[in-house]
>>> print(open('query18.cif').read())   # mmCIF, N, CA and C atoms
data_structure
loop_
_atom_site.label_atom_id
_atom_site.label_comp_id
_atom_site.auth_asym_id
_atom_site.auth_seq_id
_atom_site.Cartn_x
_atom_site.Cartn_y
_atom_site.Cartn_z
N MET O 1 0.84 -1.19 0.00
CA MET O 1 0.00 0.00 0.00
C MET O 1 0.88 1.25 0.00
N ALA O 2 0.52 2.22 -0.80
CA ALA O 2 1.32 3.44 -0.94
C ALA O 2 1.25 4.28 0.33
N VAL O 3 2.37 4.88 0.67
CA VAL O 3 2.45 5.81 1.79
C VAL O 3 1.87 7.16 1.35
N MET O 4 2.07 7.47 0.06
CA MET O 4 1.61 8.75 -0.49
C MET O 4 1.22 8.53 -1.95
N ASN O 5 0.03 9.00 -2.33
CA ASN O 5 -0.39 8.88 -3.73
C ASN O 5 -0.04 10.17 -4.48
N ALA O 6 -0.35 10.21 -5.77
CA ALA O 6 0.03 11.35 -6.62
C ALA O 6 -0.57 12.66 -6.11
N ARG O 7 -1.79 12.63 -5.64
CA ARG O 7 -2.44 13.84 -5.14
C ARG O 7 -1.71 14.37 -3.90
N GLU O 8 -1.33 13.47 -3.01
CA GLU O 8 -0.60 13.86 -1.80
C GLU O 8 0.80 14.36 -2.13
N ILE O 9 1.41 13.77 -3.15
CA ILE O 9 2.72 14.25 -3.61
C ILE O 9 2.60 15.69 -4.11
N MET O 10 1.55 15.98 -4.88
CA MET O 10 1.36 17.35 -5.40
C MET O 10 1.05 18.35 -4.29
N ASP O 11 0.53 17.87 -3.17
CA ASP O 11 0.32 18.76 -2.02
C ASP O 11 1.66 19.17 -1.40
N LEU O 12 2.68 18.35 -1.61
CA LEU O 12 3.98 18.57 -0.96
C LEU O 12 4.99 19.27 -1.84
N ILE O 13 5.08 18.86 -3.12
CA ILE O 13 6.06 19.49 -4.03
C ILE O 13 5.32 20.27 -5.12
N PRO O 14 5.96 21.29 -5.69
CA PRO O 14 5.26 22.16 -6.65
C PRO O 14 5.15 21.60 -8.07
N ASN O 15 5.80 20.49 -8.38
CA ASN O 15 5.79 19.96 -9.73
C ASN O 15 4.39 19.51 -10.16
N ARG O 16 4.07 19.77 -11.42
CA ARG O 16 2.78 19.39 -12.01
C ARG O 16 3.03 18.84 -13.42
N TYR O 17 2.00 18.23 -14.00
CA TYR O 17 2.08 17.77 -15.38
C TYR O 17 2.51 18.93 -16.27
N PRO O 18 3.41 18.73 -17.17
CA PRO O 18 4.02 17.48 -17.63
C PRO O 18 5.37 17.16 -16.97
N ILE O 19 5.70 17.82 -15.86
CA ILE O 19 7.01 17.61 -15.26
C ILE O 19 6.93 16.93 -13.89
N LEU O 20 5.79 16.36 -13.53
CA LEU O 20 5.70 15.54 -12.33
C LEU O 20 5.91 14.09 -12.74
N PHE O 21 6.94 13.45 -12.21
CA PHE O 21 7.32 12.11 -12.67
C PHE O 21 7.14 11.01 -11.64
N ILE O 22 6.58 11.31 -10.48
CA ILE O 22 6.45 10.29 -9.44
C ILE O 22 4.98 9.90 -9.29
N ASP O 23 4.71 8.59 -9.34
CA ASP O 23 3.34 8.09 -9.22
C ASP O 23 2.92 7.83 -7.78
N ARG O 24 3.87 7.35 -6.97
CA ARG O 24 3.53 7.07 -5.56
C ARG O 24 4.81 6.93 -4.73
N VAL O 25 4.64 7.13 -3.44
CA VAL O 25 5.70 6.86 -2.46
C VAL O 25 5.32 5.54 -1.79
N ASP O 26 6.25 4.60 -1.80
CA ASP O 26 5.99 3.27 -1.26
C ASP O 26 6.42 3.13 0.20
N GLU O 27 7.52 3.78 0.55
CA GLU O 27 8.06 3.71 1.91
C GLU O 27 8.72 5.04 2.23
N MET O 28 8.66 5.44 3.51
CA MET O 28 9.39 6.64 3.90
C MET O 28 9.71 6.56 5.39
N VAL O 29 10.96 6.83 5.70
CA VAL O 29 11.41 7.03 7.07
C VAL O 29 11.82 8.49 7.12
N PRO O 30 11.00 9.34 7.75
CA PRO O 30 11.26 10.79 7.73
C PRO O 30 12.70 11.14 8.10
N ASP O 31 13.26 12.07 7.33
CA ASP O 31 14.63 12.56 7.52
C ASP O 31 15.70 11.51 7.28
N GLU O 32 15.31 10.32 6.76
CA GLU O 32 16.30 9.26 6.54
C GLU O 32 16.28 8.70 5.12
N SER O 33 15.12 8.17 4.69
CA SER O 33 15.07 7.48 3.40
C SER O 33 13.66 7.46 2.84
N ILE O 34 13.61 7.18 1.53
CA ILE O 34 12.32 7.11 0.83
C ILE O 34 12.46 6.15 -0.35
N VAL O 35 11.37 5.46 -0.67
CA VAL O 35 11.28 4.60 -1.85
C VAL O 35 10.02 5.04 -2.59
N ALA O 36 10.16 5.31 -3.89
CA ALA O 36 9.02 5.78 -4.68
C ALA O 36 9.04 5.11 -6.05
N THR O 37 7.90 5.21 -6.75
CA THR O 37 7.71 4.50 -8.01
C THR O 37 7.25 5.43 -9.13
N LYS O 38 7.77 5.16 -10.32
CA LYS O 38 7.27 5.79 -11.55
C LYS O 38 6.99 4.68 -12.55
N ASN O 39 5.78 4.68 -13.10
CA ASN O 39 5.42 3.77 -14.18
C ASN O 39 5.71 4.49 -15.49
N VAL O 40 6.59 3.93 -16.27
CA VAL O 40 6.99 4.55 -17.54
C VAL O 40 6.07 4.04 -18.64
N THR O 41 5.34 4.97 -19.28
CA THR O 41 4.40 4.56 -20.33
C THR O 41 4.79 5.21 -21.67
N ILE O 42 4.36 4.59 -22.75
CA ILE O 42 4.63 5.11 -24.09
C ILE O 42 3.96 6.46 -24.31
N ASN O 43 2.99 6.81 -23.47
CA ASN O 43 2.27 8.08 -23.60
C ASN O 43 3.08 9.29 -23.12
N GLU O 44 4.24 9.08 -22.53
CA GLU O 44 5.07 10.20 -22.08
C GLU O 44 5.45 11.05 -23.29
N GLN O 45 5.33 12.38 -23.15
CA GLN O 45 5.60 13.31 -24.25
C GLN O 45 6.99 13.13 -24.87
N TYR O 46 7.99 12.92 -24.04
CA TYR O 46 9.37 12.89 -24.53
C TYR O 46 9.65 11.72 -25.46
N PHE O 47 8.83 10.66 -25.42
CA PHE O 47 9.07 9.52 -26.31
C PHE O 47 8.80 9.85 -27.77
N GLN O 48 8.09 10.94 -28.06
CA GLN O 48 7.85 11.33 -29.45
C GLN O 48 9.16 11.68 -30.15
N GLY O 49 10.11 12.21 -29.39
CA GLY O 49 11.36 12.62 -30.02
C GLY O 49 12.60 11.94 -29.48
N HIS O 50 12.46 11.10 -28.45
CA HIS O 50 13.64 10.49 -27.80
C HIS O 50 13.43 8.99 -27.68
N PHE O 51 13.65 8.20 -28.55
CA PHE O 51 13.98 8.42 -29.96
C PHE O 51 12.93 7.72 -30.79
N PRO O 52 12.47 8.32 -31.90
CA PRO O 52 11.47 7.65 -32.74
C PRO O 52 11.97 6.26 -33.16
N GLY O 53 11.13 5.27 -32.94
CA GLY O 53 11.50 3.90 -33.30
C GLY O 53 12.29 3.18 -32.23
N ASN O 54 12.82 3.90 -31.26
CA ASN O 54 13.59 3.31 -30.16
C ASN O 54 13.41 4.17 -28.92
N PRO O 55 12.19 4.19 -28.34
CA PRO O 55 11.92 5.09 -27.23
C PRO O 55 12.73 4.75 -25.98
N VAL O 56 13.44 5.76 -25.47
CA VAL O 56 14.28 5.63 -24.28
C VAL O 56 14.04 6.87 -23.41
N MET O 57 13.84 6.66 -22.11
CA MET O 57 13.66 7.79 -21.20
C MET O 57 14.99 8.53 -21.09
N PRO O 58 14.99 9.85 -21.33
CA PRO O 58 16.23 10.63 -21.24
C PRO O 58 16.84 10.55 -19.84
N GLY O 59 18.14 10.41 -19.79
CA GLY O 59 18.85 10.34 -18.51
C GLY O 59 18.58 11.55 -17.62
N VAL O 60 18.50 12.71 -18.23
CA VAL O 60 18.24 13.92 -17.45
C VAL O 60 16.89 13.85 -16.74
N LEU O 61 15.91 13.15 -17.33
CA LEU O 61 14.61 13.01 -16.69
C LEU O 61 14.63 11.96 -15.57
N ILE O 62 15.53 11.00 -15.68
CA ILE O 62 15.73 10.06 -14.57
C ILE O 62 16.31 10.82 -13.38
N ILE O 63 17.29 11.68 -13.65
CA ILE O 63 17.87 12.52 -12.58
C ILE O 63 16.79 13.44 -12.00
N GLU O 64 15.98 14.06 -12.85
CA GLU O 64 14.89 14.93 -12.37
C GLU O 64 13.93 14.13 -11.49
N SER O 65 13.62 12.92 -11.89
CA SER O 65 12.73 12.08 -11.09
C SER O 65 13.33 11.81 -9.71
N MET O 66 14.63 11.51 -9.67
CA MET O 66 15.29 11.28 -8.39
C MET O 66 15.26 12.56 -7.54
N ALA O 67 15.44 13.71 -8.18
CA ALA O 67 15.39 14.98 -7.45
C ALA O 67 13.99 15.21 -6.88
N GLN O 68 12.95 14.83 -7.61
CA GLN O 68 11.58 14.98 -7.09
C GLN O 68 11.35 14.08 -5.88
N VAL O 69 11.83 12.85 -5.95
CA VAL O 69 11.69 11.95 -4.80
C VAL O 69 12.46 12.50 -3.61
N ALA O 70 13.67 13.00 -3.85
CA ALA O 70 14.45 13.61 -2.77
C ALA O 70 13.70 14.81 -2.19
N SER O 71 13.06 15.60 -3.04
CA SER O 71 12.28 16.75 -2.56
C SER O 71 11.14 16.32 -1.65
N ILE O 72 10.51 15.21 -1.98
CA ILE O 72 9.42 14.69 -1.13
C ILE O 72 9.98 14.36 0.26
N LEU O 73 11.12 13.68 0.30
CA LEU O 73 11.75 13.35 1.57
C LEU O 73 12.12 14.61 2.35
N ILE O 74 12.77 15.54 1.66
CA ILE O 74 13.25 16.77 2.30
C ILE O 74 12.08 17.60 2.82
N LEU O 75 11.08 17.81 1.98
CA LEU O 75 9.97 18.70 2.34
C LEU O 75 8.97 18.05 3.30
N SER O 76 9.14 16.75 3.57
CA SER O 76 8.34 16.08 4.59
C SER O 76 8.85 16.40 5.99
N SER O 77 10.05 16.92 6.07
CA SER O 77 10.64 17.28 7.36
C SER O 77 9.98 18.56 7.89
N PRO O 78 9.58 18.57 9.16
CA PRO O 78 8.98 19.79 9.73
C PRO O 78 9.88 21.03 9.57
N ALA O 79 11.18 20.83 9.52
CA ALA O 79 12.10 21.96 9.35
C ALA O 79 11.95 22.65 8.00
N PHE O 80 11.45 21.93 7.00
CA PHE O 80 11.35 22.49 5.65
C PHE O 80 9.90 22.53 5.13
N GLU O 81 8.95 22.42 6.02
CA GLU O 81 7.53 22.43 5.66
C GLU O 81 7.17 23.71 4.91
N HIS O 82 6.40 23.57 3.82
CA HIS O 82 5.91 24.68 2.98
C HIS O 82 7.03 25.43 2.27
N LYS O 83 8.17 24.80 2.08
CA LYS O 83 9.29 25.42 1.36
C LYS O 83 9.44 24.75 -0.01
N THR O 84 10.42 25.19 -0.78
CA THR O 84 10.72 24.58 -2.07
C THR O 84 12.18 24.14 -2.05
N ALA O 85 12.44 22.93 -2.49
CA ALA O 85 13.80 22.40 -2.58
C ALA O 85 14.27 22.48 -4.03
N TYR O 86 15.46 22.99 -4.22
CA TYR O 86 16.04 23.12 -5.56
C TYR O 86 17.28 22.25 -5.67
N LEU O 87 17.51 21.76 -6.87
CA LEU O 87 18.68 20.96 -7.16
C LEU O 87 19.90 21.87 -7.19
N GLY O 88 20.91 21.54 -6.39
CA GLY O 88 22.12 22.34 -6.33
C GLY O 88 23.26 21.76 -7.14
N SER O 89 23.41 20.42 -7.12
CA SER O 89 24.45 19.79 -7.92
C SER O 89 24.16 18.31 -8.10
N ILE O 90 24.78 17.77 -9.12
CA ILE O 90 24.69 16.35 -9.45
C ILE O 90 26.12 15.82 -9.42
N LYS O 91 26.35 14.80 -8.62
CA LYS O 91 27.71 14.26 -8.49
C LYS O 91 27.78 12.80 -8.91
N ASN O 92 28.76 12.49 -9.73
CA ASN O 92 29.07 11.11 -10.11
C ASN O 92 27.87 10.33 -10.65
N ALA O 93 27.09 10.93 -11.52
CA ALA O 93 25.94 10.23 -12.11
C ALA O 93 26.44 9.13 -13.04
N LYS O 94 25.86 7.95 -12.87
CA LYS O 94 26.20 6.81 -13.72
C LYS O 94 24.91 6.18 -14.22
N PHE O 95 24.83 5.99 -15.52
CA PHE O 95 23.67 5.35 -16.13
C PHE O 95 24.08 3.93 -16.51
N ARG O 96 23.33 2.95 -16.03
CA ARG O 96 23.74 1.55 -16.19
C ARG O 96 22.78 0.73 -17.05
N ARG O 97 21.58 1.27 -17.27
CA ARG O 97 20.57 0.53 -18.03
C ARG O 97 19.60 1.53 -18.65
N MET O 98 19.18 1.28 -19.90
CA MET O 98 18.17 2.14 -20.52
C MET O 98 16.82 1.89 -19.87
N VAL O 99 16.03 2.95 -19.80
CA VAL O 99 14.66 2.86 -19.27
C VAL O 99 13.72 3.06 -20.45
N GLU O 100 12.82 2.10 -20.64
CA GLU O 100 11.95 2.08 -21.82
C GLU O 100 10.48 2.02 -21.40
N PRO O 101 9.57 2.32 -22.34
CA PRO O 101 8.14 2.21 -22.03
C PRO O 101 7.82 0.81 -21.49
N GLY O 102 6.98 0.79 -20.47
CA GLY O 102 6.61 -0.48 -19.84
C GLY O 102 7.42 -0.77 -18.59
N ASP O 103 8.55 -0.09 -18.42
CA ASP O 103 9.37 -0.28 -17.22
C ASP O 103 8.71 0.39 -16.02
N VAL O 104 8.97 -0.15 -14.86
CA VAL O 104 8.58 0.47 -13.60
C VAL O 104 9.88 0.81 -12.89
N ILE O 105 10.08 2.10 -12.61
CA ILE O 105 11.30 2.54 -11.93
C ILE O 105 11.02 2.67 -10.44
N THR O 106 11.88 2.07 -9.65
CA THR O 106 11.84 2.23 -8.20
C THR O 106 13.02 3.11 -7.81
N PHE O 107 12.70 4.21 -7.15
CA PHE O 107 13.73 5.15 -6.71
C PHE O 107 13.99 4.92 -5.23
N LYS O 108 15.28 4.81 -4.88
CA LYS O 108 15.69 4.63 -3.48
C LYS O 108 16.62 5.78 -3.13
N ILE O 109 16.19 6.59 -2.18
CA ILE O 109 16.94 7.80 -1.82
C ILE O 109 17.26 7.74 -0.33
N LYS O 110 18.52 8.06 0.01
CA LYS O 110 18.94 8.12 1.41
C LYS O 110 19.54 9.48 1.70
N MET O 111 19.09 10.07 2.80
CA MET O 111 19.63 11.34 3.25
C MET O 111 21.02 11.07 3.83
N GLU O 112 22.02 11.78 3.34
CA GLU O 112 23.37 11.60 3.86
C GLU O 112 23.78 12.72 4.80
N LYS O 113 23.36 13.95 4.47
CA LYS O 113 23.79 15.09 5.28
C LYS O 113 22.79 16.23 5.12
N VAL O 114 22.48 16.91 6.22
CA VAL O 114 21.65 18.11 6.17
C VAL O 114 22.34 19.15 7.04
N ARG O 115 22.48 20.35 6.47
CA ARG O 115 23.09 21.45 7.20
C ARG O 115 22.32 22.71 6.85
N ASP O 116 21.73 23.36 7.85
CA ASP O 116 20.94 24.57 7.65
C ASP O 116 19.90 24.35 6.55
N HIS O 117 20.13 24.94 5.36
CA HIS O 117 19.16 24.83 4.27
C HIS O 117 19.76 24.15 3.05
N ALA O 118 20.63 23.19 3.30
CA ALA O 118 21.24 22.44 2.21
C ALA O 118 21.50 21.02 2.69
N GLY O 119 21.68 20.14 1.74
CA GLY O 119 21.96 18.76 2.12
C GLY O 119 22.40 17.92 0.95
N LEU O 120 22.69 16.65 1.24
CA LEU O 120 23.18 15.70 0.26
C LEU O 120 22.37 14.42 0.38
N VAL O 121 21.93 13.89 -0.78
CA VAL O 121 21.20 12.62 -0.81
C VAL O 121 21.88 11.66 -1.79
N ALA O 122 21.89 10.39 -1.43
CA ALA O 122 22.37 9.33 -2.31
C ALA O 122 21.15 8.74 -3.01
N CYS O 123 21.20 8.62 -4.33
CA CYS O 123 20.03 8.22 -5.12
C CYS O 123 20.35 7.03 -6.01
N GLU O 124 19.36 6.13 -6.10
CA GLU O 124 19.44 5.01 -7.03
C GLU O 124 18.09 4.86 -7.72
N ALA O 125 18.14 4.48 -8.99
CA ALA O 125 16.94 4.16 -9.77
C ALA O 125 17.09 2.71 -10.22
N TRP O 126 16.08 1.90 -9.93
CA TRP O 126 16.09 0.48 -10.25
C TRP O 126 14.93 0.12 -11.17
N VAL O 127 15.18 -0.78 -12.11
CA VAL O 127 14.13 -1.40 -12.91
C VAL O 127 14.24 -2.89 -12.60
N GLY O 128 13.27 -3.39 -11.84
CA GLY O 128 13.37 -4.77 -11.36
C GLY O 128 14.59 -4.90 -10.48
N ASP O 129 15.44 -5.88 -10.77
CA ASP O 129 16.64 -6.06 -9.97
C ASP O 129 17.89 -5.48 -10.65
N GLU O 130 17.68 -4.61 -11.64
CA GLU O 130 18.79 -3.96 -12.35
C GLU O 130 18.86 -2.49 -12.00
N LYS O 131 20.04 -2.05 -11.58
CA LYS O 131 20.24 -0.63 -11.29
C LYS O 131 20.32 0.12 -12.62
N ALA O 132 19.47 1.13 -12.78
CA ALA O 132 19.46 1.93 -14.01
C ALA O 132 20.33 3.17 -13.89
N CYS O 133 20.39 3.75 -12.69
CA CYS O 133 21.14 4.99 -12.51
C CYS O 133 21.47 5.16 -11.04
N GLU O 134 22.58 5.84 -10.78
CA GLU O 134 22.94 6.22 -9.42
C GLU O 134 23.65 7.56 -9.45
N THR O 135 23.46 8.33 -8.39
CA THR O 135 24.10 9.64 -8.29
C THR O 135 23.97 10.16 -6.87
N LYS O 136 24.65 11.25 -6.60
CA LYS O 136 24.45 12.00 -5.36
C LYS O 136 23.99 13.39 -5.77
N LEU O 137 22.95 13.87 -5.10
CA LEU O 137 22.39 15.19 -5.39
C LEU O 137 22.54 16.09 -4.17
N THR O 138 22.93 17.31 -4.43
CA THR O 138 22.92 18.34 -3.40
C THR O 138 21.65 19.15 -3.60
N PHE O 139 20.99 19.48 -2.51
CA PHE O 139 19.79 20.29 -2.61
C PHE O 139 19.93 21.55 -1.75
N ILE O 140 19.21 22.57 -2.19
CA ILE O 140 19.12 23.85 -1.48
C ILE O 140 17.65 24.11 -1.23
N VAL O 141 17.29 24.46 0.01
CA VAL O 141 15.90 24.75 0.34
C VAL O 141 15.73 26.27 0.44
N ASP O 142 14.76 26.79 -0.31
CA ASP O 142 14.46 28.23 -0.32
C ASP O 142 13.89 28.62 1.04
N GLU O 143 14.36 29.75 1.55
CA GLU O 143 13.90 30.27 2.84
C GLU O 143 12.43 30.67 2.82
N LYS O 144 11.97 31.17 1.66
CA LYS O 144 10.59 31.68 1.56
C LYS O 144 9.60 30.54 1.61
N GLU O 145 8.46 30.81 2.22
CA GLU O 145 7.38 29.83 2.23
C GLU O 145 6.68 29.84 0.89
N ARG O 146 6.30 28.65 0.42
CA ARG O 146 5.58 28.49 -0.83
C ARG O 146 4.13 28.86 -0.61
N GLU O 147 3.54 29.45 -1.60
CA GLU O 147 2.11 29.82 -1.50
C GLU O 147 1.22 28.68 -1.87
#
>>> encode(input="query18.cif", output="structure tokens")
Amino acid sequence: MAVMNAREIMDLIPNRYPILFIDRVDEMVPDESIVATKNVTINEQYFQGHFPGNPVMPGVLIIESMAQVASILILSSPAFEHKTAYLGSIKNAKFRRMVEPGDVITFKIKMEKVRDHAGLVACEAWVGDEKACETKLTFIVDEKERE
């Protein structure tokens, strides 16, 4: 059973269609870790051009998806409630498997460090038992409250 559905995710992070890539949160330990899911379908807009005849999810969108999952974890913390988390840096990104229509991506994110309004998360994207991508993301949380 999902910990958070798409509607609840949209209550927490500002992303909306066509740039909301997370379908549900499956597990979450506040301030520590999160597991979330994206169902990749042929109906995704980017498959029209990436690539015709050989649809592959762009790596940059896999990274964006991981950043969204990290934002859910970060913004679930009472310290960052009603704020916006921004991507600060991408470190050592490695792509190990193509992601195609029909795949289900499981994102596993672990909080490594939080200091004031910045932090570091370790991210992995899995398709079944194959790791598709891994990276470390730095995030910055905006001081202003979101409307």
>>> resolve_selection(input="query18.cif", expression="the PyMOL selection byres ((chain O and resi 119-131) around 5)", output="list in words")
Arg97, Val104, Ile105, Thr106, Phe107, Lys108, Ile109, Lys110, Met111, Glu112, Lys113, Val114, Arg115, His117, Ala118, Ala132, Cys133, Glu134, Thr135, Lys136, Leu137, Thr138 and Phe139 of chain O
>>> closest_residue(input="query18.cif", among="O:Val99, O:Ile9, O:Met1, O:Ala36", to="Val56 of chain O", atoms="only C-alpha atoms")
O:Val99
>>> resolve_selection(input="query18.cif", expression="the PyMOL selection byres ((chain O and resi 5) around 7)", output="number ranges by chain")
O: 2-4, 6-10, 22-25
>>> write_last_selection(input="query18.cif", atoms="N, CA and C atoms", output="CSV table (one decimal), keeping the file's coordinate frame")
chain,number,residue,atom,x,y,z
O,2,ALA,N,0.5,2.2,-0.8
O,2,ALA,CA,1.3,3.4,-0.9
O,2,ALA,C,1.2,4.3,0.3
O,3,VAL,N,2.4,4.9,0.7
O,3,VAL,CA,2.4,5.8,1.8
O,3,VAL,C,1.9,7.2,1.4
O,4,MET,N,2.1,7.5,0.1
O,4,MET,CA,1.6,8.8,-0.5
O,4,MET,C,1.2,8.5,-2.0
O,6,ALA,N,-0.4,10.2,-5.8
O,6,ALA,CA,0.0,11.4,-6.6
O,6,ALA,C,-0.6,12.7,-6.1
O,7,ARG,N,-1.8,12.6,-5.6
O,7,ARG,CA,-2.4,13.8,-5.1
O,7,ARG,C,-1.7,14.4,-3.9
O,8,GLU,N,-1.3,13.5,-3.0
O,8,GLU,CA,-0.6,13.9,-1.8
O,8,GLU,C,0.8,14.4,-2.1
O,9,ILE,N,1.4,13.8,-3.2
O,9,ILE,CA,2.7,14.2,-3.6
O,9,ILE,C,2.6,15.7,-4.1
O,10,MET,N,1.6,16.0,-4.9
O,10,MET,CA,1.4,17.4,-5.4
O,10,MET,C,1.0,18.4,-4.3
O,22,ILE,N,6.6,11.3,-10.5
O,22,ILE,CA,6.4,10.3,-9.4
O,22,ILE,C,5.0,9.9,-9.3
O,23,ASP,N,4.7,8.6,-9.3
O,23,ASP,CA,3.3,8.1,-9.2
O,23,ASP,C,2.9,7.8,-7.8
O,24,ARG,N,3.9,7.4,-7.0
O,24,ARG,CA,3.5,7.1,-5.6
O,24,ARG,C,4.8,6.9,-4.7
O,25,VAL,N,4.6,7.1,-3.4
O,25,VAL,CA,5.7,6.9,-2.5
O,25,VAL,C,5.3,5.5,-1.8
>>> resolve_selection(input="query18.cif", expression="the PyMOL selection byres (((chain O and resi 20 and name CA) around 10) and name CA)", output="VMD selection string")
chain O and resid 6 9 to 10 13 to 19 21 to 23 38 64 to 65 68
>>> atom_distance(input="query18.cif", atom1="atom CA of Glu32 of chain O", atom2="atom CA of Lys91 of chain O")
19.5 Å
>>> closest_residue(input="query18.cif", among="O:Ile63, O:Met28, O:Val141, O:Leu12", to="Ala85 of chain O", atoms="only C-alpha atoms")
O:Val141
>>> residues_around(input="query18.cif", residues="Glu81 of chain O", least_positions_apart="4", cutoff="7 Å", atoms="all atoms listed in the file", output="list in words")
Ile74, Leu75, Ser76, Ser77, Glu145 and Arg146 of chain O
>>> atom_distance(input="query18.cif", atom1="atom C of Lys144 of chain O", atom2="atom CA of Lys83 of chain O")
5.1 Å
>>> atom_distance(input="query18.cif", atom1="atom C of Val40 of chain O", atom2="atom N of Gly59 of chain O")
13.7 Å
>>> closest_residue(input="query18.cif", among="O:Ser71, O:Asp103, O:Asp26, O:Ile34", to="Gly88 of chain O", atoms="only C-alpha atoms")
O:Ser71
>>> closest_residue(input="query18.cif", among="O:Glu27, O:Glu100, O:Glu44, O:Asp116", to="Leu73 of chain O", atoms="only C-alpha atoms")
O:Glu27
>>> residues_around(input="query18.cif", residues="Asn43 of chain O", least_positions_apart="5", cutoff="8 Å", atoms="all atoms listed in the file", output="PyMOL selection string")
chain O and resi 48+101-102
>>> select_by_dssp(input="query18.cif", residues="segment 27-141 of chain O", states="helix (DSSP H, G or I)", output="number ranges by chain")
O: 45-48, 59-75, 78-80
>>> axis_aligned_box(input="query18.cif", around="segment 108-120 of chain O", padding_each_side="8 Å", output="lines of an AutoDock Vina configuration file")
center_x = 19.5
center_y = 14.8
center_z = 1.5
size_x = 24.5
size_y = 36.3
size_z = 28.7
>>> select_by_dssp(input="query18.cif", residues="segment 8-146 of chain O", states="strand (DSSP E or B)", output="PyMOL selection string")
chain O and resi 24-29+33-39+85-95+104-115+118-127+130-141
>>> decode(input="query18.cif", residues="segment 132-143 of chain O", atoms="N, CA and C atoms", output="mmCIF file, in the first residue's frame")
data_model
loop_
_atom_site.group_PDB
_atom_site.id
_atom_site.type_symbol
_atom_site.label_atom_id
_atom_site.label_comp_id
_atom_site.auth_asym_id
_atom_site.auth_seq_id
_atom_site.Cartn_x
_atom_site.Cartn_y
_atom_site.Cartn_z
ATOM 1 N N ALA O 132 19.472 1.134 -12.778
ATOM 2 C CA ALA O 132 19.461 1.925 -14.010
ATOM 3 C C ALA O 132 20.333 3.168 -13.888
ATOM 4 N N CYS O 133 20.394 3.745 -12.690
ATOM 5 C CA CYS O 133 21.138 4.988 -12.507
ATOM 6 C C CYS O 133 21.471 5.163 -11.035
ATOM 7 N N GLU O 134 22.582 5.837 -10.782
ATOM 8 C CA GLU O 134 22.940 6.216 -9.416
ATOM 9 C C GLU O 134 23.649 7.560 -9.446
ATOM 10 N N THR O 135 23.464 8.329 -8.394
ATOM 11 C CA THR O 135 24.101 9.639 -8.291
ATOM 12 C C THR O 135 23.968 10.163 -6.873
ATOM 13 N N LYS O 136 24.646 11.245 -6.602
ATOM 14 C CA LYS O 136 24.449 11.997 -5.360
ATOM 15 C C LYS O 136 23.987 13.387 -5.766
ATOM 16 N N LEU O 137 22.951 13.867 -5.099
ATOM 17 C CA LEU O 137 22.393 15.185 -5.390
ATOM 18 C C LEU O 137 22.535 16.086 -4.171
ATOM 19 N N THR O 138 22.931 17.313 -4.429
ATOM 20 C CA THR O 138 22.922 18.338 -3.395
ATOM 21 C C THR O 138 21.652 19.146 -3.598
ATOM 22 N N PHE O 139 20.988 19.484 -2.509
ATOM 23 C CA PHE O 139 19.787 20.294 -2.605
ATOM 24 C C PHE O 139 19.930 21.548 -1.755
ATOM 25 N N ILE O 140 19.213 22.573 -2.188
ATOM 26 C CA ILE O 140 19.122 23.850 -1.477
ATOM 27 C C ILE O 140 17.647 24.105 -1.226
ATOM 28 N N VAL O 141 17.289 24.460 0.008
ATOM 29 C CA VAL O 141 15.896 24.747 0.336
ATOM 30 C C VAL O 141 15.732 26.267 0.436
ATOM 31 N N ASP O 142 14.762 26.788 -0.310
ATOM 32 C CA ASP O 142 14.460 28.225 -0.319
ATOM 33 C C ASP O 142 13.886 28.620 1.039
ATOM 34 N N GLU O 143 14.362 29.751 1.552
ATOM 35 C CA GLU O 143 13.904 30.274 2.835
ATOM 36 C C GLU O 143 12.433 30.670 2.821
#
